[in-house]
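> Sending over entry-v5.cif (mmCIF, C-alpha atoms and all ligand atoms).
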data_data
#
loop_
_atom_site.label_atom_id
_atom_site.label_comp_id
_atom_site.auth_asym_id
_atom_site.auth_seq_id
_atom_site.Cartn_x
_atom_site.Cartn_y
_atom_site.Cartn_z
CA MET G 83 112.56 92.50 129.83
CA TYR G 84 112.09 93.93 133.33
CA LEU G 85 108.50 94.97 134.05
CA SER G 86 107.35 95.93 137.52
CA HIS G 87 103.79 94.85 136.64
CA ARG G 88 102.73 91.91 134.53
CA PRO G 89 98.91 91.87 134.63
CA ARG G 90 98.92 88.57 132.71
CA ARG G 91 100.30 86.85 135.87
CA LEU G 92 96.77 87.03 137.32
CA ARG G 93 95.21 85.44 134.24
CA GLN G 94 97.32 82.30 134.05
CA THR G 95 95.00 79.62 135.41
CA THR G 96 91.33 79.08 136.06
CA ALA G 97 92.02 79.08 139.80
CA ILE G 98 93.86 82.40 139.74
CA ARG G 99 91.25 84.00 137.49
CA GLY G 100 88.65 82.81 139.98
CA LEU G 101 90.51 84.48 142.86
CA VAL G 102 90.61 87.89 141.20
CA ARG G 103 87.15 87.79 139.57
CA GLU G 104 85.21 90.91 140.52
CA THR G 105 81.68 89.99 139.47
CA GLN G 106 79.69 86.81 140.06
CA LEU G 107 76.32 85.96 138.68
CA TYR G 108 73.88 83.84 140.68
CA PRO G 109 70.50 82.30 139.76
CA ALA G 110 69.12 84.32 142.69
CA ASP G 111 69.94 87.53 140.76
CA LEU G 112 67.57 86.60 137.96
CA ILE G 113 63.89 87.33 137.36
CA TYR G 114 62.11 85.31 134.69
CA PRO G 115 59.48 87.25 132.66
CA MET G 116 56.66 84.90 131.62
CA PHE G 117 53.56 85.14 129.46
CA VAL G 118 50.21 83.82 130.62
CA ALA G 119 47.37 82.88 128.25
CA GLU G 120 43.81 81.54 128.55
CA GLY G 121 43.31 77.83 128.13
CA GLU G 122 44.56 74.54 129.50
CA LYS G 123 47.67 72.44 128.94
CA LEU G 124 48.96 75.22 126.71
CA ARG G 125 52.62 75.92 125.94
CA ASP G 126 52.31 78.06 122.89
CA PRO G 127 55.70 78.89 121.32
CA ILE G 128 56.31 82.59 120.67
CA THR G 129 57.67 82.96 117.13
CA THR G 130 59.39 86.27 117.73
CA MET G 131 61.15 84.89 120.83
CA PRO G 132 62.47 81.38 120.11
CA GLY G 133 62.52 79.25 123.28
CA GLN G 134 59.78 81.30 125.03
CA PHE G 135 56.13 80.29 125.43
CA ARG G 136 52.71 81.53 126.41
CA PHE G 137 51.57 79.29 129.27
CA SER G 138 48.09 78.47 130.45
CA VAL G 139 47.81 78.73 134.24
CA ASP G 140 48.19 74.96 134.85
CA GLU G 141 51.40 74.87 132.77
CA LEU G 142 52.64 78.06 134.38
CA VAL G 143 52.40 76.39 137.77
CA LYS G 144 54.48 73.41 136.57
CA GLU G 145 57.05 75.76 135.11
CA GLY G 146 57.05 77.84 138.32
CA GLN G 147 58.07 74.78 140.33
CA LYS G 148 61.02 74.13 138.01
CA ILE G 149 62.06 77.77 138.18
CA PHE G 150 61.98 77.72 141.95
CA GLU G 151 64.08 74.54 142.04
CA LEU G 152 66.67 76.22 139.81
CA GLY G 153 67.08 78.90 142.46
CA ILE G 154 65.80 81.75 140.26
CA GLY G 155 64.79 84.78 142.32
CA ALA G 156 61.38 85.58 140.88
CA VAL G 157 58.96 85.45 137.98
CA ASN G 158 57.37 88.50 136.42
CA LEU G 159 54.03 87.84 134.73
CA PHE G 160 52.54 89.42 131.61
CA GLY G 161 49.01 88.65 130.42
CA TYR G 162 48.24 87.66 126.83
CA SER G 163 44.72 88.98 126.69
CA THR G 164 42.45 88.39 123.72
CA GLU G 165 39.73 90.51 125.30
CA LYS G 166 40.75 94.07 124.64
CA ASP G 167 38.71 97.27 124.86
CA ASP G 168 39.36 101.00 125.08
CA GLN G 169 39.12 101.07 128.90
CA ALA G 170 41.32 97.99 129.56
CA THR G 171 38.58 96.54 131.78
CA LYS G 172 40.15 93.06 131.78
CA ALA G 173 43.26 94.50 133.44
CA TYR G 174 41.55 94.69 136.84
CA ASP G 175 39.06 91.81 136.62
CA PRO G 176 39.36 89.99 139.98
CA ASN G 177 39.01 86.68 138.14
CA GLY G 178 41.16 87.72 135.19
CA LEU G 179 44.10 85.88 133.73
CA ILE G 180 46.91 87.34 135.81
CA GLN G 181 44.86 87.38 139.01
CA SER G 182 44.17 83.63 138.57
CA ALA G 183 47.80 82.96 137.67
CA VAL G 184 49.04 84.72 140.81
CA ARG G 185 46.62 82.77 143.02
CA ALA G 186 47.63 79.43 141.49
CA LEU G 187 51.37 80.15 141.68
CA LYS G 188 51.31 81.41 145.26
CA LYS G 189 49.33 78.32 146.25
CA SER G 190 51.65 75.76 144.70
CA VAL G 191 55.04 77.54 145.00
CA PRO G 192 54.49 79.91 147.93
CA ASP G 193 58.16 80.80 148.35
CA LEU G 194 58.63 81.91 144.76
CA CYS G 195 58.57 85.73 144.52
CA VAL G 196 55.71 86.49 142.14
CA GLN G 197 55.71 89.85 140.38
CA THR G 198 53.20 91.24 137.90
CA ASP G 199 53.32 93.79 135.15
CA ILE G 200 51.18 96.87 135.67
CA ALA G 201 50.34 98.61 132.38
CA LEU G 202 47.30 98.67 130.14
CA ASP G 203 48.77 97.74 126.74
CA PRO G 204 47.89 94.00 126.73
CA TYR G 205 44.27 94.95 127.54
CA THR G 206 43.64 97.98 125.32
CA ASN G 207 42.42 97.64 121.74
CA HIS G 208 44.74 100.50 120.69
CA GLY G 209 47.86 98.97 122.26
CA HIS G 210 48.88 101.96 124.40
CA ASP G 211 49.93 101.63 128.03
CA GLY G 212 47.35 104.20 129.06
CA LEU G 213 43.85 105.37 128.19
CA VAL G 214 43.57 107.37 125.00
CA VAL G 215 41.42 110.49 124.56
CA GLY G 216 41.66 111.89 121.05
CA ASP G 217 45.35 111.60 120.25
CA GLU G 218 46.47 111.92 123.84
CA ILE G 219 47.54 109.15 126.21
CA VAL G 220 45.96 110.66 129.30
CA ASN G 221 47.98 110.49 132.49
CA ASP G 222 45.84 110.92 135.59
CA GLU G 223 42.87 108.86 134.37
CA THR G 224 45.30 106.06 133.49
CA VAL G 225 46.86 106.15 136.96
CA GLU G 226 43.44 105.45 138.47
CA VAL G 227 43.08 102.31 136.36
CA LEU G 228 46.64 101.23 137.18
CA CYS G 229 45.80 101.49 140.89
CA LYS G 230 42.75 99.25 140.40
CA MET G 231 44.92 96.78 138.48
CA ALA G 232 47.59 96.73 141.21
CA LEU G 233 44.96 96.23 143.90
CA SER G 234 43.42 93.28 142.07
CA HIS G 235 46.88 91.67 141.92
CA ALA G 236 47.50 92.38 145.59
CA GLU G 237 44.18 90.75 146.47
CA ALA G 238 45.34 87.68 144.52
CA GLY G 239 48.52 87.53 146.63
CA VAL G 240 51.24 89.08 144.48
CA ASP G 241 54.61 89.86 146.12
CA TRP G 242 55.60 92.82 143.95
CA VAL G 243 53.78 94.88 141.34
CA ALA G 244 55.87 96.28 138.51
CA PRO G 245 54.43 99.38 136.79
CA SER G 246 55.91 99.51 133.26
CA ASP G 247 53.63 102.22 131.87
CA MET G 248 55.72 105.39 132.53
CA MET G 249 52.75 107.56 133.57
CA ASP G 250 53.72 110.37 135.94
CA GLY G 251 52.94 109.84 139.61
CA ARG G 252 51.83 106.24 139.34
CA VAL G 253 54.33 104.86 141.86
CA GLY G 254 53.10 107.16 144.63
CA ALA G 255 49.45 106.56 143.72
CA ILE G 256 49.89 102.77 143.69
CA ARG G 257 51.79 102.86 147.01
CA HIS G 258 49.01 104.89 148.55
CA ALA G 259 46.27 102.62 147.17
CA LEU G 260 48.05 99.48 148.41
CA ASP G 261 48.61 100.91 151.88
CA GLN G 262 45.02 102.13 152.17
CA ALA G 263 43.68 98.72 151.21
CA GLY G 264 45.82 96.93 153.80
CA PHE G 265 48.68 95.71 151.59
CA PRO G 266 51.72 97.45 153.09
CA ASN G 267 53.94 94.45 152.31
CA VAL G 268 53.31 94.36 148.57
CA GLY G 269 56.45 95.81 146.97
CA ILE G 270 56.83 98.10 143.96
CA LEU G 271 59.42 97.39 141.28
CA ALA G 272 59.24 100.62 139.31
CA TYR G 273 60.18 100.84 135.64
CA SER G 274 61.73 104.22 136.37
CA ALA G 275 64.00 104.82 133.38
CA LYS G 276 62.19 103.06 130.58
CA TYR G 277 63.27 104.20 127.15
CA ALA G 278 61.24 104.34 123.91
CA SER G 279 63.21 101.47 122.39
CA CYS G 280 63.03 99.35 119.23
CA PHE G 281 64.27 96.42 121.32
CA TYR G 282 60.73 95.74 122.59
CA GLY G 283 59.63 94.59 119.11
CA PRO G 284 59.62 90.81 119.78
CA PHE G 285 57.67 91.31 123.04
CA ARG G 286 54.93 93.22 121.27
CA GLY G 287 54.73 90.29 118.86
CA ALA G 288 54.35 87.92 121.82
CA LEU G 289 51.43 89.86 123.32
CA ASP G 290 49.96 91.22 120.12
CA SER G 291 50.24 94.61 121.81
CA ALA G 292 51.97 96.93 119.33
CA PRO G 293 50.29 100.37 119.30
CA LYS G 294 47.82 100.58 116.43
CA LYS G 295 48.43 104.28 116.04
CA GLY G 296 51.37 106.48 116.98
CA ASP G 297 54.26 105.46 119.20
CA LYS G 298 55.14 105.53 122.89
CA LYS G 299 57.45 108.55 122.80
CA THR G 300 55.14 110.79 124.83
CA TYR G 301 55.56 108.55 127.87
CA GLN G 302 58.70 106.44 127.40
CA MET G 303 62.06 108.23 127.54
CA ASP G 304 64.23 109.59 124.75
CA PRO G 305 67.29 107.29 124.32
CA ALA G 306 69.49 110.38 124.14
CA ASN G 307 68.94 111.35 127.80
CA SER G 308 70.74 110.27 130.95
CA ARG G 309 70.19 113.11 133.44
CA GLU G 310 66.46 112.71 132.88
CA ALA G 311 66.82 109.03 133.86
CA LEU G 312 68.35 110.03 137.18
CA ARG G 313 65.52 112.50 137.75
CA GLU G 314 62.89 109.82 137.00
CA ILE G 315 64.62 107.40 139.36
CA ALA G 316 64.85 109.99 142.14
CA MET G 317 61.13 110.73 141.77
CA ASP G 318 60.14 107.07 141.94
CA ILE G 319 62.26 106.55 145.06
CA GLU G 320 60.63 109.60 146.58
CA GLU G 321 57.19 108.19 145.72
CA GLY G 322 57.97 104.91 147.47
CA ALA G 323 59.53 102.52 144.93
CA ASP G 324 61.27 99.58 146.60
CA VAL G 325 63.37 98.79 143.52
CA VAL G 326 64.04 100.98 140.48
CA MET G 327 64.60 99.71 136.97
CA VAL G 328 66.57 100.69 133.90
CA LYS G 329 65.20 99.29 130.65
CA PRO G 330 66.49 98.08 128.19
CA ALA G 331 69.80 96.94 129.67
CA LEU G 332 72.50 96.57 127.04
CA ALA G 333 72.28 99.88 125.22
CA TYR G 334 71.87 101.61 128.62
CA LEU G 335 74.67 100.14 130.75
CA ASP G 336 75.91 103.68 131.42
CA ILE G 337 72.54 104.56 132.95
CA ILE G 338 72.72 101.51 135.24
CA THR G 339 76.18 102.54 136.40
CA GLN G 340 75.16 106.14 137.03
CA ALA G 341 72.06 105.05 138.93
CA LYS G 342 74.15 102.68 141.03
CA SER G 343 76.56 105.40 142.07
CA GLU G 344 73.84 107.97 142.72
CA PHE G 345 71.27 105.95 144.71
CA ASP G 346 71.28 103.27 147.37
CA THR G 347 67.93 101.76 146.33
CA PRO G 348 68.30 98.30 144.70
CA ILE G 349 68.55 98.48 140.93
CA ALA G 350 66.97 96.13 138.40
CA ALA G 351 67.81 95.99 134.71
CA TYR G 352 65.59 94.49 132.01
CA ASN G 353 67.43 92.43 129.41
CA VAL G 354 64.56 92.88 126.95
CA SER G 355 63.06 90.74 124.20
CA GLY G 356 65.08 92.27 121.36
CA GLU G 357 68.31 91.65 123.23
CA TYR G 358 67.24 88.04 123.73
CA SER G 359 65.98 87.39 120.20
CA MET G 360 69.08 88.90 118.53
CA ILE G 361 71.20 86.24 120.19
CA GLN G 362 68.76 83.47 119.28
CA ALA G 363 68.68 84.62 115.65
CA ALA G 364 72.47 84.81 115.38
CA ALA G 365 72.75 81.39 117.04
CA GLU G 366 70.26 79.88 114.56
CA LYS G 367 72.53 81.06 111.78
CA GLY G 368 75.55 79.57 113.54
CA TRP G 369 77.18 82.98 113.92
CA ILE G 370 77.48 83.10 117.69
CA ASP G 371 77.78 80.72 120.66
CA PRO G 372 74.48 81.44 122.45
CA ASP G 373 75.58 80.21 125.89
CA ARG G 374 78.70 82.31 125.93
CA ALA G 375 76.87 85.34 124.53
CA MET G 376 74.17 84.98 127.18
CA MET G 377 76.63 84.74 130.06
CA GLU G 378 78.78 87.60 128.80
CA MET G 379 75.73 89.84 128.43
CA LEU G 380 74.26 89.01 131.82
CA LEU G 381 77.62 89.46 133.49
CA SER G 382 78.06 92.86 131.82
CA ILE G 383 74.67 93.98 133.18
CA LYS G 384 75.63 92.88 136.69
CA ARG G 385 79.09 94.43 136.37
CA ALA G 386 77.48 97.72 135.32
CA GLY G 387 75.66 97.76 138.65
CA ALA G 388 72.37 95.87 138.41
CA ASP G 389 71.39 94.03 141.59
CA MET G 390 68.82 91.95 139.72
CA ILE G 391 68.18 91.21 136.06
CA LEU G 392 64.91 90.46 134.30
CA THR G 393 65.85 88.10 131.48
CA TYR G 394 64.30 85.51 129.18
CA PHE G 395 67.61 83.67 129.60
CA ALA G 396 66.92 83.09 133.31
CA LYS G 397 66.32 79.33 133.06
CA ASP G 398 69.18 78.64 130.66
CA ALA G 399 71.56 80.79 132.67
CA ALA G 400 70.56 79.23 135.99
CA LYS G 401 71.12 75.74 134.57
CA LEU G 402 74.57 76.67 133.28
CA LEU G 403 75.51 78.40 136.52
CA LYS G 404 74.60 75.26 138.45
CA GLN G 405 76.72 73.10 136.14
CA HIS G 406 79.74 75.38 136.09
CA PHE G 407 79.50 77.03 139.45
CA GLY G 408 82.13 79.71 139.82
CA LYS G 409 83.54 79.51 136.31
CA ILE G 410 83.27 82.01 133.53
CA LEU G 411 82.13 80.20 130.44
C1 LIG Z 501 54.64 97.44 128.06
C2 LIG Z 501 55.87 96.63 128.21
C3 LIG Z 501 56.80 96.42 127.20
C4 LIG Z 501 57.78 95.58 127.72
C5 LIG Z 501 57.44 95.31 129.04
N1 LIG Z 501 56.26 95.97 129.33
C6 LIG Z 501 56.79 96.87 125.79
C7 LIG Z 501 56.50 98.26 125.49
O1 LIG Z 501 56.73 99.16 126.30
O2 LIG Z 501 56.01 98.48 124.40
C8 LIG Z 501 58.96 95.11 126.94
C9 LIG Z 501 59.65 93.89 127.42
C10 LIG Z 501 60.56 93.29 126.43
O3 LIG Z 501 60.77 93.78 125.31
O4 LIG Z 501 61.11 92.24 126.77
N2 LIG Z 501 54.05 97.90 129.18
#
What would you get if you wrote out this structure as structure tokens?


Amino acid sequence: MYLSHRPRRLRQTTAIRGLVRETQLYPADLIYPMFVAEGEKLRDPITTMPGQFRFSVDELVKEGQKIFELGIGAVNLFGYSTEKDDQATKAYDPNGLIQSAVRALKKSVPDLCVQTDIALDPYTNHGHDGLVVGDEIVNDETVEVLCKMALSHAEAGVDWVAPSDMMDGRVGAIRHALDQAGFPNVGILAYSAKYASCFYGPFRGALDSAPKKGDKKTYQMDPANSREALREIAMDIEEGADVVMVKPALAYLDIITQAKSEFDTPIAAYNVSGEYSMIQAAAEKGWIDPDRAMMEMLLSIKRAGADMILTYFAKDAAKLLKQHFGKIL
């Protein structure tokens, strides 16, 4: 048969496939989200997220060194707070959990990019990302607390703060607060298009942070909307975000691609807990090859347009990438 094009010609060997491969994943693309808890010598396994732990600060530091040696770009810290109240006062305690973790990490692994979550849910007794008055999650009052939280992290030496709360105007307010306090070099990784998603379930188990009442639909986005995501992203860029995020990643690859073509600001995607735990659960049952599933998913997120990926797979993926450099698994 005469065919002027035989696309299979370019798939014949590993070497040829390598030559025409369009997307490469590197450990430096990855950000490892980690959970910090009170205590010492603690590596407390998270049942809803097999393979993930809550670390006490001393263990976090040890883990941080390994992560840095693997070439992973950054860590993103979440606090597992047992002291919760309705004002989230522990969120901005200068000697709080995250503030101490940042200080310890920056001291022992200074070149690791340390990022912190900015939102109130791990510190509120009702589990919402903002302050609650009556049935309302109040915006402007929450933004004030978020600014105090970001400042306390900046004072501890954080590289980037990452507001995940979805209050209006918080990126601009945090930028302003940081600049005023003499922290112009602290970056903002904004959760710009964060959807009200069921895929956060395992994470809320990890932090014991599920909302006690209601849901997060008045601040997180409706999964049905994409133009709204672009509007949110444009606003955060306008307000001073250094990097904008789409979250979750897999059910929102189209949003990542649209954001990539619309804006020239770097784009992060969050491969969230549910996306991670689904693979672990299927692997436990022997239904899926977890390494191949992980690499295929991460590659798809990068191919869609993400410049960086927050993922609980960061360590496993970085190890595999080192072993099989340049090969698709
Ligand atoms: C809350 C927050 C959530 C995640 C990151 N920050 C959960 C939520 O919005 O309820 C989810 C991360 C994940 O599922 O991996 N500020």

> Would you list the contacts of Val143 in chain G as a list in words, taking every protein, DNA or RNA residue within 8 Å and counting all atoms listed in the file, but skipping same-chain residues closer than 2 positions in sequence?

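Residues meeting the cut-off are Val139, Asp140, Glu141, Glu145, Gly146, Gln147, Ala186, Leu187, Ser190 and Val191 of chain G.
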
> Hey, can you check how far CA of Ala263 in chain G sits from CA of Leu233 in chain G?

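For CA of Ala263 in chain G relative to CA of Leu233 in chain G, the distance reads 7.8 Å.
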
> Could you report the residues within 7 Å of ligand LIG 501 (chain Z), using only C-alpha atoms and all ligand atoms, as a ChimeraX atom specification?

/G:199,201-203,211,246-247,281-286,292,353-356

> Would you mind exporting the chosen residues as a PDB file, in the coordinates of the input, restricted to C-alpha atoms?


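Okay, this is what ended up in selection_15.pdb:
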ATOM      1  CA  ASP G 199      53.320  93.790 135.150  1.00  0.00           C
ATOM      2  CA  ALA G 201      50.340  98.610 132.380  1.00  0.00           C
ATOM      3  CA  LEU G 202      47.300  98.670 130.140  1.00  0.00           C
ATOM      4  CA  ASP G 203      48.770  97.740 126.740  1.00  0.00           C
ATOM      5  CA  ASP G 211      49.930 101.630 128.030  1.00  0.00           C
ATOM      6  CA  SER G 246      55.910  99.510 133.260  1.00  0.00           C
ATOM      7  CA  ASP G 247      53.630 102.220 131.870  1.00  0.00           C
ATOM      8  CA  PHE G 281      64.270  96.420 121.320  1.00  0.00           C
ATOM      9  CA  TYR G 282      60.730  95.740 122.590  1.00  0.00           C
ATOM     10  CA  GLY G 283      59.630  94.590 119.110  1.00  0.00           C
ATOM     11  CA  PRO G 284      59.620  90.810 119.780  1.00  0.00           C
ATOM     12  CA  PHE G 285      57.670  91.310 123.040  1.00  0.00           C
ATOM     13  CA  ARG G 286      54.930  93.220 121.270  1.00  0.00           C
ATOM     14  CA  ALA G 292      51.970  96.930 119.330  1.00  0.00           C
ATOM     15  CA  ASN G 353      67.430  92.430 129.410  1.00  0.00           C
ATOM     16  CA  VAL G 354      64.560  92.880 126.950  1.00  0.00           C
ATOM     17  CA  SER G 355      63.060  90.740 124.200  1.00  0.00           C
ATOM     18  CA  GLY G 356      65.080  92.270 121.360  1.00  0.00           C
TER      19      GLY G 356
END

> If you take only C-alpha atoms and a cut-off of 7 Å, which residues of range 203-281 of chain G touch range 328-338 of chain G, and what are their nearest atom pairs and distances in Å to one decimal, in chain and number order, as a Markdown table?


| residue | atom | partner | partner_atom | distance |
| --- | --- | --- | --- | --- |
| G:Tyr273 | CA | G:Val328 | CA | 6.6 |
| G:Ser274 | CA | G:Val328 | CA | 6.5 |
| G:Ala275 | CA | G:Val328 | CA | 4.9 |
| G:Lys276 | CA | G:Lys329 | CA | 4.8 |
| G:Tyr277 | CA | G:Lys329 | CA | 6.3 |

> Give me the residues near Ala278 in chain G as a PyMOL selection string, where near means some atom within 7 Å (using only C-alpha atoms) and where sequence neighbours in that chain fewer than 5 positions away do not count.

chain G and resi 298-299+302-305

> What does the distance between CA of Asp193 in chain G and CA of Met327 in chain G come to in Å, to one decimal place?

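Spanning CA of Asp193 in chain G to CA of Met327 in chain G is a straight-line distance of 23.0 Å.
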
> Mind giving me the straight-line distance from CA of Gly178 in chain G to CA of Trp242 in chain G in Å, one decimal?

17.6 Å

> Using all atoms listed in the file, find the one residue out of G:Thr224, G:Ser279, G:Ser343, G:Thr206 that sits nearest to Glu357 in chain G.

G:Ser279

> Centre and edge lengths of an axis-aligned box around all listed atoms of range 180-183 of chain G, with 4 Å added on each side, are to be given in Å to one decimal, as AutoDock Vina command-line options.


--center_x 46.0 --center_y 85.2 --center_z 137.4 --size_x 11.6 --size_y 12.4 --size_z 11.2

> Can you work out which one of G:Ala386, G:Leu289, G:Ala396, G:Val326 has the shortest atom-to-atom distance to Thr130 in chain G, counting all atoms listed in the file?

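Smallest distance to Thr130 in chain G is found for G:Leu289.
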
> Any idea what's packed within 8 Å of Phe395 in chain G, counting all atoms listed in the file, ignoring anything in its chain fewer than 2 positions away? Could you give it as a list in words?

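The residues satisfying every condition are Tyr114, Tyr358, Met376, Thr393, Lys397, Asp398 and Ala399 of chain G.
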
> When you count all atoms listed in the file, which of these residues is closest to Glu237 in chain G: G:Val184, G:Ala323, G:Ala110, G:Ala364?

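The shortest atom-to-atom distance to Glu237 in chain G comes from G:Val184.
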
> Could you list, as a PyMOL selection string, every residue within 12 Å of range 84-90 of chain G, counting all atoms listed in the file and ignoring same-chain residues fewer than 6 positions away?

chain G and resi 98-99+102

> Ranking G:Ile391, G:Ala350, G:Ala259, G:Leu402 by minimum distance to Asp373 in chain G and counting all atoms listed in the file, which one comes first?

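Using all atoms listed in the file, Asp373 in chain G sits closest to G:Leu402.
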
> Counting all atoms listed in the file, write as a short mmCIF file (atom, residue, chain, number, x, y, z; two decimals) with C-alpha atoms, in the frame of the given file all protein and nucleic acid residues lying at most 12 Å from (42.2, 85.7, 126.4) in the file's frame.


data_model
loop_
_atom_site.label_atom_id
_atom_site.label_comp_id
_atom_site.auth_asym_id
_atom_site.auth_seq_id
_atom_site.Cartn_x
_atom_site.Cartn_y
_atom_site.Cartn_z
CA PHE G 117 53.56 85.14 129.46
CA VAL G 118 50.21 83.82 130.62
CA ALA G 119 47.37 82.88 128.25
CA GLU G 120 43.81 81.54 128.55
CA GLY G 121 43.31 77.83 128.13
CA GLU G 122 44.56 74.54 129.50
CA ARG G 136 52.71 81.53 126.41
CA PHE G 137 51.57 79.29 129.27
CA SER G 138 48.09 78.47 130.45
CA VAL G 139 47.81 78.73 134.24
CA GLY G 161 49.01 88.65 130.42
CA TYR G 162 48.24 87.66 126.83
CA SER G 163 44.72 88.98 126.69
CA THR G 164 42.45 88.39 123.72
CA GLU G 165 39.73 90.51 125.30
CA LYS G 166 40.75 94.07 124.64
CA LYS G 172 40.15 93.06 131.78
CA ALA G 173 43.26 94.50 133.44
CA GLY G 178 41.16 87.72 135.19
CA LEU G 179 44.10 85.88 133.73
CA ILE G 180 46.91 87.34 135.81
CA PRO G 204 47.89 94.00 126.73
CA TYR G 205 44.27 94.95 127.54
CA LEU G 289 51.43 89.86 123.32
CA ASP G 290 49.96 91.22 120.12
#
